[in-house]
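Raw start-v4.cif, mmCIF, C-alpha atoms:
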```cif
data_final
loop_
_atom_site.label_atom_id
_atom_site.label_comp_id
_atom_site.auth_asym_id
_atom_site.auth_seq_id
_atom_site.Cartn_x
_atom_site.Cartn_y
_atom_site.Cartn_z
CA MET A 195 17.56 239.36 229.23
CA ALA A 196 19.87 236.48 230.11
CA ILE A 197 22.85 237.44 232.03
CA HIS A 198 25.95 235.36 231.31
CA GLU A 199 28.46 235.35 234.10
CA ARG A 200 32.05 234.57 233.43
CA THR A 201 33.49 231.94 235.67
CA ALA A 202 37.22 232.08 236.10
CA ILE A 203 38.77 228.68 235.73
CA ARG A 204 41.50 228.27 238.24
CA PRO A 205 44.37 225.89 237.65
CA PRO A 206 44.46 222.92 240.00
CA ILE A 207 46.40 223.48 243.14
CA THR A 208 49.57 221.41 243.20
CA LEU A 209 51.21 220.54 246.44
CA PRO A 210 54.88 219.74 246.75
CA ASP A 211 55.63 216.04 246.61
CA ALA A 212 55.78 214.51 250.04
CA PRO A 213 58.93 212.60 250.75
CA ARG A 214 58.44 208.94 249.94
CA LEU A 215 59.77 206.19 252.11
CA PRO A 216 61.88 203.56 250.33
CA SER A 217 59.72 200.76 248.99
CA LEU A 218 60.11 197.31 250.48
CA ARG A 219 58.92 195.61 247.30
CA HIS A 220 62.42 194.52 246.36
CA PHE A 221 63.63 193.82 249.90
CA GLY A 222 64.53 190.16 249.48
CA PRO A 223 65.74 187.45 251.87
CA ASN A 224 69.34 188.17 250.83
CA TRP A 225 69.26 191.11 253.27
CA TYR A 226 69.67 188.67 256.13
CA ALA A 227 73.27 188.35 254.94
CA THR A 228 73.95 191.74 256.54
CA VAL A 229 72.97 190.25 259.90
CA MET A 230 75.05 187.10 259.39
CA GLY A 231 78.07 189.04 258.21
CA THR A 232 77.94 191.36 261.21
CA ALA A 233 77.34 188.71 263.87
CA ILE A 234 80.22 186.55 262.63
CA VAL A 235 82.65 189.43 263.17
CA ALA A 236 81.76 189.40 266.88
CA SER A 237 81.97 185.61 267.15
CA ALA A 238 85.22 185.35 265.21
CA GLY A 239 86.85 188.11 267.24
CA THR A 240 86.15 186.33 270.52
CA ALA A 241 87.48 183.03 269.11
CA LEU A 242 90.94 184.36 268.24
CA PRO A 243 93.80 182.75 270.21
CA VAL A 244 95.26 186.17 270.99
CA ASP A 245 94.33 188.80 273.55
CA VAL A 246 94.16 192.20 271.84
CA PRO A 247 93.34 195.14 274.13
CA GLY A 248 89.87 196.44 273.38
CA LEU A 249 88.94 193.57 271.07
CA ARG A 250 86.38 192.06 273.42
CA GLY A 251 84.66 195.40 273.87
CA ALA A 252 84.61 195.99 270.13
CA CYS A 253 83.09 192.55 269.59
CA THR A 254 80.33 193.40 272.07
CA VAL A 255 79.54 196.57 270.13
CA VAL A 256 79.42 194.62 266.86
CA TRP A 257 77.16 192.02 268.47
CA ALA A 258 74.76 194.78 269.55
CA LEU A 259 74.74 196.10 265.99
CA SER A 260 73.93 192.64 264.65
CA ALA A 261 71.03 192.34 267.08
CA VAL A 262 69.65 195.70 265.93
CA LEU A 263 70.07 194.65 262.30
CA LEU A 264 68.23 191.40 262.96
CA VAL A 265 65.22 193.23 264.37
CA ALA A 266 65.29 195.75 261.52
CA VAL A 267 65.50 193.13 258.77
CA LEU A 268 62.85 190.92 260.37
CA THR A 269 60.53 193.93 260.53
CA ALA A 270 61.23 194.92 256.94
CA ARG A 271 60.69 191.37 255.71
CA ALA A 272 57.39 191.19 257.61
CA GLY A 273 56.36 194.41 255.87
CA HIS A 274 57.42 192.91 252.54
CA TRP A 275 55.20 189.87 253.07
CA ARG A 276 52.29 192.03 254.23
CA HIS A 277 52.32 194.65 251.49
CA HIS A 278 54.02 192.79 248.60
CA ARG A 279 52.81 189.24 248.98
CA ASP A 280 52.86 188.66 245.22
CA GLN A 281 56.54 189.55 245.10
CA ALA A 282 57.33 187.38 248.12
CA ARG A 283 55.66 184.40 246.46
CA ALA A 284 57.47 185.15 243.23
CA HIS A 285 60.76 184.89 245.11
CA LEU A 286 59.86 181.32 246.05
CA LEU A 287 59.37 180.41 242.39
CA ASP A 288 62.54 182.12 241.21
CA PRO A 289 65.59 179.81 241.23
CA ALA A 290 67.82 182.86 241.70
CA PHE A 291 66.02 184.04 244.86
CA ALA A 292 64.76 180.87 246.58
CA PRO A 293 68.18 179.68 247.87
CA PHE A 294 68.56 182.90 249.85
CA LEU A 295 65.75 181.73 252.14
CA GLY A 296 68.55 179.89 253.94
CA CYS A 297 69.86 183.23 255.19
CA LEU A 298 66.99 183.69 257.67
CA PRO A 299 67.78 180.72 259.93
CA MET A 300 71.50 181.45 259.70
CA ALA A 301 70.89 185.04 260.79
CA LEU A 302 68.94 183.85 263.84
CA LEU A 303 71.63 181.32 264.71
CA ALA A 304 74.51 183.73 264.16
CA VAL A 305 73.05 186.39 266.45
CA GLY A 306 72.17 183.77 269.07
CA GLY A 307 75.71 182.41 269.12
CA ALA A 308 77.23 185.88 269.19
CA THR A 309 74.99 186.72 272.14
CA MET A 310 76.56 183.93 274.18
CA VAL A 311 80.17 184.82 273.39
CA ALA A 312 79.99 188.63 273.06
CA GLY A 313 76.69 189.79 274.54
CA THR A 314 77.10 188.45 278.08
CA PRO A 315 78.81 191.62 279.41
CA VAL A 316 75.67 193.57 278.50
CA LEU A 317 72.86 191.09 279.14
CA GLY A 318 74.33 188.90 281.84
CA GLU A 319 74.80 185.14 281.60
CA ARG A 320 71.19 184.10 282.24
CA ALA A 321 69.59 186.58 279.83
CA ALA A 322 72.17 185.77 277.15
CA LEU A 323 71.39 182.07 277.57
CA VAL A 324 67.65 182.68 277.21
CA VAL A 325 68.20 184.72 274.03
CA ASP A 326 70.43 182.04 272.55
CA VAL A 327 68.00 179.23 273.40
CA VAL A 328 65.16 181.07 271.65
CA LEU A 329 67.17 182.03 268.57
CA TYR A 330 68.94 178.67 268.37
CA SER A 331 65.68 176.73 268.59
CA ALA A 332 63.93 178.89 265.98
CA GLY A 333 66.96 178.91 263.69
CA SER A 334 67.49 175.16 263.90
CA VAL A 335 63.85 174.31 263.16
CA LEU A 336 63.70 176.79 260.28
CA GLY A 337 67.07 175.63 259.01
CA LEU A 338 66.01 172.00 258.79
CA GLY A 339 62.80 173.06 257.08
CA VAL A 340 64.60 175.20 254.52
CA ALA A 341 67.13 172.42 253.85
CA VAL A 342 64.23 170.26 252.68
CA ALA A 343 61.83 172.85 251.22
CA VAL A 344 64.19 174.69 248.87
CA PRO A 345 65.62 171.54 247.20
CA TYR A 346 62.02 170.32 246.90
CA LEU A 347 61.05 173.51 245.08
CA MET A 348 64.09 173.18 242.84
CA VAL A 349 63.04 169.66 241.87
CA VAL A 350 59.28 170.06 241.39
CA ARG A 351 58.69 173.77 240.65
CA HIS A 352 61.85 175.32 239.20
CA ARG A 353 63.16 174.63 235.76
CA ILE A 354 66.93 174.85 235.90
CA ASP A 355 69.10 174.97 232.81
CA VAL A 356 71.97 172.57 232.40
CA GLY A 357 75.22 174.13 233.57
CA SER A 358 73.53 176.81 235.69
CA ALA A 359 74.67 175.52 239.09
CA ALA A 360 75.51 178.40 241.41
CA PRO A 361 77.32 178.66 244.74
CA ALA A 362 74.09 180.11 246.20
CA TRP A 363 72.63 176.60 245.96
CA LEU A 364 74.60 175.86 249.13
CA LEU A 365 72.78 178.51 251.17
CA PRO A 366 69.69 176.44 252.10
CA LEU A 367 71.93 173.48 253.00
CA VAL A 368 74.26 175.25 255.43
CA PRO A 369 71.89 176.22 258.32
CA PRO A 370 71.96 172.75 259.95
CA LEU A 371 75.76 172.94 259.98
CA VAL A 372 75.59 176.35 261.68
CA SER A 373 73.34 174.74 264.30
CA ALA A 374 75.94 172.00 264.73
CA ALA A 375 78.76 174.52 265.21
CA LEU A 376 76.81 176.60 267.76
CA GLY A 377 75.18 173.72 269.60
CA PRO A 378 78.17 173.24 271.95
CA LEU A 379 77.42 176.63 273.52
CA LEU A 380 74.18 175.09 274.84
CA ILE A 381 75.57 171.61 275.45
CA ARG A 382 77.82 173.14 278.12
CA GLU A 383 74.74 174.41 279.93
CA LEU A 384 73.02 171.02 280.12
CA PRO A 385 73.55 168.55 282.95
CA ALA A 386 75.23 165.27 282.08
CA GLY A 387 72.78 162.70 280.83
CA GLN A 388 70.58 161.74 277.93
CA GLY A 389 69.65 165.29 276.96
CA ARG A 390 73.25 166.42 276.67
CA GLU A 391 74.29 163.35 274.69
CA ALA A 392 71.26 163.66 272.39
CA LEU A 393 72.11 167.26 271.55
CA LEU A 394 75.75 166.37 270.90
CA LEU A 395 74.90 163.52 268.54
CA GLY A 396 72.13 165.59 266.96
CA CYS A 397 74.71 168.24 266.13
CA TYR A 398 76.90 165.62 264.47
CA ALA A 399 73.87 164.45 262.46
CA MET A 400 73.15 168.01 261.31
CA ALA A 401 76.81 168.47 260.40
CA GLY A 402 76.71 165.29 258.35
CA LEU A 403 73.57 166.49 256.57
CA THR A 404 75.30 169.61 255.27
CA VAL A 405 78.69 168.04 254.57
CA LEU A 406 77.24 165.23 252.46
CA ALA A 407 74.88 167.60 250.65
CA THR A 408 77.84 169.89 249.92
CA LEU A 409 79.73 166.97 248.42
CA ALA A 410 76.81 166.55 246.01
CA VAL A 411 76.48 170.24 245.04
CA LEU A 412 80.09 171.44 244.96
CA PRO A 413 81.10 169.28 241.94
CA LEU A 414 78.20 170.84 239.99
CA VAL A 415 79.46 174.33 240.81
CA LEU A 416 83.03 173.47 239.83
CA ALA A 417 81.84 171.83 236.60
CA ARG A 418 79.85 174.96 235.75
CA LEU A 419 82.98 177.10 236.17
CA LEU A 420 85.15 174.76 234.10
CA HIS A 421 82.68 174.32 231.23
CA HIS A 422 81.05 177.76 231.11
CA GLY A 423 83.72 180.09 232.42
CA PRO A 424 83.59 182.66 235.24
CA LEU A 425 80.34 183.76 236.82
CA PRO A 426 78.74 187.08 235.76
CA LEU A 427 80.52 190.00 237.37
CA ALA A 428 77.81 190.77 239.95
CA LEU A 429 77.71 187.12 241.07
CA THR A 430 81.46 186.64 241.40
CA PRO A 431 81.46 187.31 245.19
CA THR A 432 79.13 184.34 245.65
CA LEU A 433 82.13 182.09 245.02
CA PHE A 434 83.08 182.80 248.62
CA LEU A 435 79.87 181.07 249.74
CA VAL A 436 81.63 177.74 249.19
CA LEU A 437 83.87 178.63 252.14
CA GLY A 438 80.78 178.55 254.39
CA PRO A 439 80.28 174.78 254.66
CA LEU A 440 84.06 174.23 254.62
CA GLY A 441 84.98 176.60 257.42
CA GLN A 442 81.80 175.92 259.39
CA SER A 443 82.33 172.16 259.32
CA VAL A 444 85.88 172.59 260.66
CA THR A 445 84.48 174.87 263.37
CA ALA A 446 81.77 172.34 264.21
CA VAL A 447 84.03 169.31 264.67
CA ASN A 448 86.39 171.31 266.87
CA GLN A 449 83.64 172.86 268.98
CA LEU A 450 81.90 169.51 269.41
CA ALA A 451 85.18 167.84 270.39
CA ASP A 452 85.53 170.40 273.19
CA VAL A 453 82.30 169.27 274.84
CA ALA A 454 82.55 165.54 274.05
CA PRO A 455 84.39 164.68 277.31
CA GLY A 456 81.76 164.31 279.99
CA THR A 457 79.03 163.92 277.38
CA VAL A 458 79.96 160.56 275.83
CA GLY A 459 82.26 157.79 277.00
CA ALA A 460 86.03 158.22 276.99
CA PRO A 461 86.72 156.08 273.89
CA TYR A 462 84.23 158.08 271.84
CA ALA A 463 85.33 161.41 273.29
CA ASN A 464 88.94 160.65 272.38
CA GLY A 465 87.88 159.60 268.90
CA LEU A 466 85.91 162.79 268.37
CA GLY A 467 88.94 164.79 269.48
CA ALA A 468 91.04 163.01 266.89
CA LEU A 469 88.34 163.57 264.26
CA ALA A 470 88.55 167.32 264.85
CA VAL A 471 92.16 167.28 263.64
CA LEU A 472 92.00 164.49 261.06
CA TYR A 473 88.99 166.10 259.36
CA GLY A 474 89.73 169.73 260.08
CA VAL A 475 93.25 170.02 258.71
CA PRO A 476 92.57 168.62 255.19
CA VAL A 477 89.31 170.55 254.84
CA MET A 478 91.01 173.77 255.93
CA GLY A 479 93.62 173.10 253.26
CA PHE A 480 90.92 172.84 250.60
CA ALA A 481 89.24 175.97 251.99
CA LEU A 482 92.48 177.91 251.49
CA LEU A 483 92.71 176.61 247.93
CA TRP A 484 89.14 177.78 247.23
CA LEU A 485 89.86 181.10 248.93
CA ALA A 486 92.82 181.69 246.63
CA LEU A 487 90.79 180.74 243.52
CA SER A 488 87.84 182.93 244.56
CA THR A 489 90.12 185.86 245.32
CA ALA A 490 91.81 185.59 241.92
CA LEU A 491 88.45 185.50 240.12
CA THR A 492 87.21 188.45 242.19
CA VAL A 493 90.27 190.53 241.29
CA ARG A 494 89.61 189.68 237.65
CA ALA A 495 85.98 190.78 238.03
CA VAL A 496 86.98 194.05 239.69
CA ARG A 497 89.33 194.82 236.83
CA ALA A 498 86.47 194.10 234.42
CA GLY A 499 84.25 196.66 236.16
CA MET A 500 82.40 194.73 238.88
CA GLY A 501 80.30 197.19 240.87
CA PHE A 502 78.85 196.92 244.34
CA ALA A 503 75.89 194.63 244.93
CA MET A 504 74.44 192.86 247.94
CA THR A 505 76.43 189.80 246.85
CA TRP A 506 79.45 191.51 248.41
CA TRP A 507 78.16 190.34 251.79
CA GLY A 508 79.21 186.88 250.59
CA PHE A 509 82.75 187.92 251.52
CA THR A 510 81.89 188.11 255.24
CA PHE A 511 80.12 185.16 256.86
CA PRO A 512 81.97 182.41 254.94
CA LEU A 513 85.31 184.04 255.70
CA GLY A 514 84.32 184.30 259.36
CA THR A 515 83.70 180.56 259.54
CA CYS A 516 87.26 180.01 258.34
CA VAL A 517 88.48 182.24 261.18
CA THR A 518 86.64 180.18 263.79
CA GLY A 519 87.74 176.95 262.10
CA ALA A 520 91.41 177.95 262.10
CA ALA A 521 91.12 179.08 265.73
CA GLY A 522 89.69 175.67 266.66
CA LEU A 523 92.56 173.88 264.96
CA ALA A 524 95.04 176.11 266.77
CA ARG A 525 93.40 175.08 270.04
CA HIS A 526 93.46 171.34 269.33
CA THR A 527 96.83 171.05 267.62
CA GLY A 528 98.76 173.66 269.57
CA LEU A 529 100.24 174.81 266.27
CA HIS A 530 100.96 178.53 266.21
CA ALA A 531 100.58 178.61 262.42
CA PHE A 532 96.83 178.01 262.72
CA GLY A 533 96.60 180.87 265.19
CA TRP A 534 98.40 183.17 262.79
CA LEU A 535 96.08 182.01 260.01
CA ALA A 536 93.03 182.83 262.12
CA GLU A 537 94.38 186.30 262.87
CA ALA A 538 95.20 187.02 259.22
CA LEU A 539 91.77 185.86 258.08
CA PHE A 540 90.13 187.98 260.79
CA VAL A 541 91.86 191.09 259.46
CA CYS A 542 90.51 190.26 256.00
CA LEU A 543 87.06 189.65 257.49
CA VAL A 544 86.96 193.03 259.21
CA ALA A 545 88.10 194.78 256.03
CA ALA A 546 85.42 193.03 253.97
CA TRP A 547 82.76 193.85 256.57
CA VAL A 548 83.70 197.53 256.67
CA VAL A 549 83.65 197.82 252.88
CA ALA A 550 80.37 195.93 252.45
CA GLY A 551 78.73 197.83 255.32
CA THR A 552 79.84 201.23 254.08
CA ARG A 553 78.70 200.57 250.54
CA THR A 554 75.37 199.21 251.80
CA VAL A 555 74.66 202.33 253.84
CA ARG A 556 75.60 204.47 250.85
CA GLY A 557 73.28 202.45 248.60
CA LEU A 558 70.40 202.73 251.07
CA VAL A 559 70.81 206.48 251.40
CA GLY A 560 71.01 206.85 247.63
CA GLY A 561 68.02 204.54 247.08
CA THR A 562 69.82 202.26 244.64
CA LEU A 563 69.70 199.08 246.72
CA LEU A 564 65.91 199.10 247.09
CA ALA A 565 65.25 199.96 243.45
CA ALA A 566 63.93 197.41 240.99
CA PRO A 567 66.61 195.29 239.32
CA PRO A 568 67.69 196.75 235.97
CA GLY A 569 65.31 195.87 233.19
CA ARG A 570 62.52 194.47 235.32
CA ASN A 571 60.22 195.26 238.22
CA GLY A 572 60.73 192.08 240.18
CA PRO A 573 62.15 188.61 240.06
CA ARG A 574 62.67 187.20 236.62
CA PRO A 575 59.78 185.06 235.46
CA ALA A 576 60.46 181.58 236.72
CA ALA A 577 60.05 178.65 234.43
CA VAL A 578 57.87 176.32 236.47
CA ARG A 579 57.62 172.60 235.97
CA THR A 580 54.15 171.45 235.08
CA ALA A 581 54.81 167.76 235.19
#
```

Reformat the file's structure so that it appears as structure tokens.
Amino acid sequence: MAIHERTAIRPPITLPDAPRLPSLRHFGPNWYATVMGTAIVASAGTALPVDVPGLRGACTVVWALSAVLLVAVLTARAGHWRHHRDQARAHLLDPAFAPFLGCLPMALLAVGGATMVAGTPVLGERAALVVDVVLYSAGSVLGLGVAVAVPYLMVVRHRIDVGSAAPAWLLPLVPPLVSAALGPLLIRELPAGQGREALLLGCYAMAGLTVLATLAVLPLVLARLLHHGPLPLALTPTLFLVLGPLGQSVTAVNQLADVAPGTVGAPYANGLGALAVLYGVPVMGFALLWLALSTALTVRAVRAGMGFAMTWWGFTFPLGTCVTGAAGLARHTGLHAFGWLAEALFVCLVAAWVVAGTRTVRGLVGGTLLAAPPGRNGPRPAAVRTA
């Protein structure tokens, strides 16, 4: 007789979900803006023509934070390329993401410059110089490469609609200008001779690269605003990106004029000193006009319901360049009004940095900033030229 045994079927054992680390799939190059926006606070604070008790120490703390952020973002971006290579390549083919590749060299340069002016009390002069040389060299080479590569991609691989010019188009063009503005920190360390003069004139060449390229792009951005109206709410803060090449170019001509004596002959040094004022004052005037226009459009966007996005970091670095530019004009003209302007802009910079930083931390903790963009799981499909 067959004996049938009953076998009890047990339900599968379910284990509690293990905590998941935030995915790096949507960690784009725009995150370098957090590094730039933090480092510029330290650099701008040390450039102010006023001695505020405790300010230098606070700038050193902010510099240290920017250095930590740089390491963290570099590590995260390396993980993004290793584990999400398809997404990283998609960023290159997306006209909305590719310009943000310019943030990497600017982050390296910004931290390097801040190390020289705010990190010396911690590292010492020699170590700070070594750090700046490494970061400046890497940032300058990458910056020149990005300034060519991204426009090349826009011409041969991206398909860009008429009237879609965006302030972010300036991002890959600005790194050489940042190199020009921070080059004088290293020029001072070089002995008089061919090397020092070559670096000085090379900085002027890099400044000219960005300034002339900006003159080509900025009319497109302004025409887009006039013919198609305000930017989408989330992109409104990118209007402040236009201040980057404006304020940074004023900073550059003033910083370079400081080191021109002893580097080039007296007639040229005197001429470069005059250029710092003759160029810097009108450009600073236009920067203030653009600042007022951008602020008005941002207030309008806030009233319309603009929420936080990583584009809010666009308020920081460009505004910081205006602080250093105004401080340079105060130094060369002796006009107290430029000093007051630098101080007022610095207060606005710190406020913008605190708000953007707080909201970023909150978004990271809540997981919203690393989530897929609404309605898609990655960059929008890029229309690629085939001919």

Which residue out of A:Ile354, A:Cys397, A:Leu427, A:Ala233 has the minimum interatomic distance to Val262 in chain A when all atoms listed in the file are used?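 Using all atoms listed in the file, Val262 in chain A sits closest to A:Ala233.
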
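Interatomic distance, CA of Leu491 in chain A to CA of Leu416 in chain A: 13.2 Å.
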
Find the nearest atom pair between each residue of range 378-420 of chain A and range 465-488 of chain A for residues within 12 Å, count all atoms listed in the file, give distances in Å to one decimal, sort rows by chain and ascending number, and present the table as a tab-separated table.
```
residue	atom	partner	partner_atom	distance
A:Leu394	CA	A:Leu466	CA	11.1
A:Leu395	CA	A:Leu466	CA	11.0
A:Tyr398	CA	A:Leu466	CA	10.2
A:Val405	CA	A:Val477	CA	10.9
A:Leu412	CA	A:Trp484	CA	11.3
A:Leu416	CA	A:Trp484	CA	10.5
A:Leu419	CA	A:Ser488	CA	11.3
```

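With distances taken over all atoms listed in the file, A:Leu543 is the one residue among A:Leu543, A:Ala359, A:Leu286, A:Leu263 lying closest to Pro512 in chain A.
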
Would you write out, as a list in words, every residue that the PyMOL selection byres ((chain A and resi 311) around 10) captures in this file?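 Answer for the PyMOL selection byres ((chain A and resi 311) around 10): Ala236, Ser237, Ala238, Gly239, Thr240, Ala241, Arg250, Cys253, Thr254, Trp257, Gly306, Gly307, Ala308, Thr309, Met310, Ala312, Gly313, Thr314, Pro315, Glu319, Ala322 and Leu379 of chain A.
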
In Å, rounded to a single decimal, give me how far CA of Gly441 in chain A is from CA of Met230 in chain A.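 Atom-to-atom, CA of Met230 in chain A to CA of Gly441 in chain A, that is 14.6 Å.
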
Which one is closest to Val447 in chain A: A:Ala503, A:Ala495, A:Leu376, A:Ala417? Count all atoms listed in the file.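 Answer, going by the shortest atom-to-atom distance: A:Leu376.
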
Take the PyMOL selection byres ((chain A and resi 521) around 9), run it mentally on this structure, and tell me the resulting residues as a list in words. Ala238, Ala241, Leu242, Pro243, Thr445, Cys516, Val517, Thr518, Gly519, Ala520, Gly522, Leu523, Ala524, Arg525, His526, Phe532, Gly533, Trp534, Leu535, Ala536 and Glu537 of chain A

All residues 12 Å or closer to Glu391 in chain A, only C-alpha atoms, same chain fewer than 6 positions away omitted, as a VMD selection string: chain A and resid 377 to 378 380 to 382 384 to 385 397 to 398 450 453 to 459 462 to 463

Using the chain letters and residue numbers of this document, give as an MDAnalysis selection string the residues selected by the PyMOL selection byres ((chain A and resi 285) around 12). chainID A and resid 219:224 274:275 278:284 286:295 344 347 352 572:576

Using all atoms listed in the file, can you tell me which of A:Pro369, A:Pro431, A:Gly318, A:Pro413 comes closest to Leu303 in chain A? A:Pro369

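Note that the spacing between CA of Leu298 in chain A and CA of Leu365 in chain A amounts to 10.1 Å.
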
Around the point (74.6, 166.7, 255.4) (coordinates from the file), which residues reach within 12 Å if we count all atoms listed in the file? Answer as number ranges by chain. A: 338, 341-342, 364, 366-372, 374, 396-411, 439, 443

Kindly save the residues from that selection, with C-alpha atoms included, as an mmCIF file, keeping the file's coordinate frame.
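out.cif was written with the following content:
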```
data_model
loop_
_atom_site.group_PDB
_atom_site.id
_atom_site.type_symbol
_atom_site.label_atom_id
_atom_site.label_comp_id
_atom_site.auth_asym_id
_atom_site.auth_seq_id
_atom_site.Cartn_x
_atom_site.Cartn_y
_atom_site.Cartn_z
ATOM 1 C CA LEU A 338 66.010 172.000 258.790
ATOM 2 C CA ALA A 341 67.130 172.420 253.850
ATOM 3 C CA VAL A 342 64.230 170.260 252.680
ATOM 4 C CA LEU A 364 74.600 175.860 249.130
ATOM 5 C CA PRO A 366 69.690 176.440 252.100
ATOM 6 C CA LEU A 367 71.930 173.480 253.000
ATOM 7 C CA VAL A 368 74.260 175.250 255.430
ATOM 8 C CA PRO A 369 71.890 176.220 258.320
ATOM 9 C CA PRO A 370 71.960 172.750 259.950
ATOM 10 C CA LEU A 371 75.760 172.940 259.980
ATOM 11 C CA VAL A 372 75.590 176.350 261.680
ATOM 12 C CA ALA A 374 75.940 172.000 264.730
ATOM 13 C CA GLY A 396 72.130 165.590 266.960
ATOM 14 C CA CYS A 397 74.710 168.240 266.130
ATOM 15 C CA TYR A 398 76.900 165.620 264.470
ATOM 16 C CA ALA A 399 73.870 164.450 262.460
ATOM 17 C CA MET A 400 73.150 168.010 261.310
ATOM 18 C CA ALA A 401 76.810 168.470 260.400
ATOM 19 C CA GLY A 402 76.710 165.290 258.350
ATOM 20 C CA LEU A 403 73.570 166.490 256.570
ATOM 21 C CA THR A 404 75.300 169.610 255.270
ATOM 22 C CA VAL A 405 78.690 168.040 254.570
ATOM 23 C CA LEU A 406 77.240 165.230 252.460
ATOM 24 C CA ALA A 407 74.880 167.600 250.650
ATOM 25 C CA THR A 408 77.840 169.890 249.920
ATOM 26 C CA LEU A 409 79.730 166.970 248.420
ATOM 27 C CA ALA A 410 76.810 166.550 246.010
ATOM 28 C CA VAL A 411 76.480 170.240 245.040
ATOM 29 C CA PRO A 439 80.280 174.780 254.660
ATOM 30 C CA SER A 443 82.330 172.160 259.320
#
```

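Using all atoms listed in the file, the nearest neighbour of Ala360 in chain A within the list A:Ser334, A:Thr432, A:Ser217, A:Ser373 is A:Thr432.
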
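Between Val305 in chain A and the residues A:Val335, A:Val265, A:Leu425, A:Met348, the shortest atom-to-atom distance, using all atoms listed in the file, involves A:Val265.
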
Where atoms are missing, can you supply N, CA and C atoms for range 489-504 of chain A and output the lot as a short mmCIF file (atom, residue, chain, number, x, y, z; two decimals), in the coordinates of the input?
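Once written, result-v5.cif looks like this:
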```
data_model
loop_
_atom_site.label_atom_id
_atom_site.label_comp_id
_atom_site.auth_asym_id
_atom_site.auth_seq_id
_atom_site.Cartn_x
_atom_site.Cartn_y
_atom_site.Cartn_z
N THR A 489 89.50 184.54 245.28
CA THR A 489 90.12 185.86 245.32
C THR A 489 90.64 186.26 243.95
N ALA A 490 91.28 185.31 243.25
CA ALA A 490 91.81 185.59 241.92
C ALA A 490 90.69 185.95 240.95
N LEU A 491 89.57 185.22 241.01
CA LEU A 491 88.45 185.50 240.12
C LEU A 491 87.78 186.82 240.49
N THR A 492 87.79 187.17 241.77
CA THR A 492 87.21 188.45 242.19
C THR A 492 88.07 189.62 241.71
N VAL A 493 89.38 189.48 241.81
CA VAL A 493 90.27 190.53 241.29
C VAL A 493 90.05 190.71 239.80
N ARG A 494 89.89 189.61 239.09
CA ARG A 494 89.61 189.68 237.65
C ARG A 494 88.31 190.42 237.39
N ALA A 495 87.28 190.12 238.21
CA ALA A 495 85.98 190.78 238.03
C ALA A 495 86.06 192.27 238.33
N VAL A 496 86.82 192.64 239.36
CA VAL A 496 86.98 194.05 239.69
C VAL A 496 87.64 194.79 238.54
N ARG A 497 88.65 194.20 237.96
CA ARG A 497 89.33 194.82 236.83
C ARG A 497 88.40 194.96 235.63
N ALA A 498 87.42 194.05 235.54
CA ALA A 498 86.47 194.10 234.42
C ALA A 498 85.30 195.05 234.69
N GLY A 499 85.29 195.68 235.88
CA GLY A 499 84.25 196.66 236.16
C GLY A 499 83.17 196.21 237.11
N MET A 500 83.42 195.20 237.94
CA MET A 500 82.40 194.73 238.88
C MET A 500 82.04 195.84 239.86
N GLY A 501 80.76 196.18 239.94
CA GLY A 501 80.30 197.19 240.87
C GLY A 501 79.74 196.57 242.13
N PHE A 502 79.37 197.43 243.07
CA PHE A 502 78.85 196.92 244.34
C PHE A 502 77.45 196.35 244.16
N ALA A 503 77.22 195.24 244.84
CA ALA A 503 75.89 194.63 244.93
C ALA A 503 75.80 193.94 246.28
N MET A 504 74.60 193.53 246.66
CA MET A 504 74.44 192.86 247.94
C MET A 504 75.21 191.55 248.00
#
```
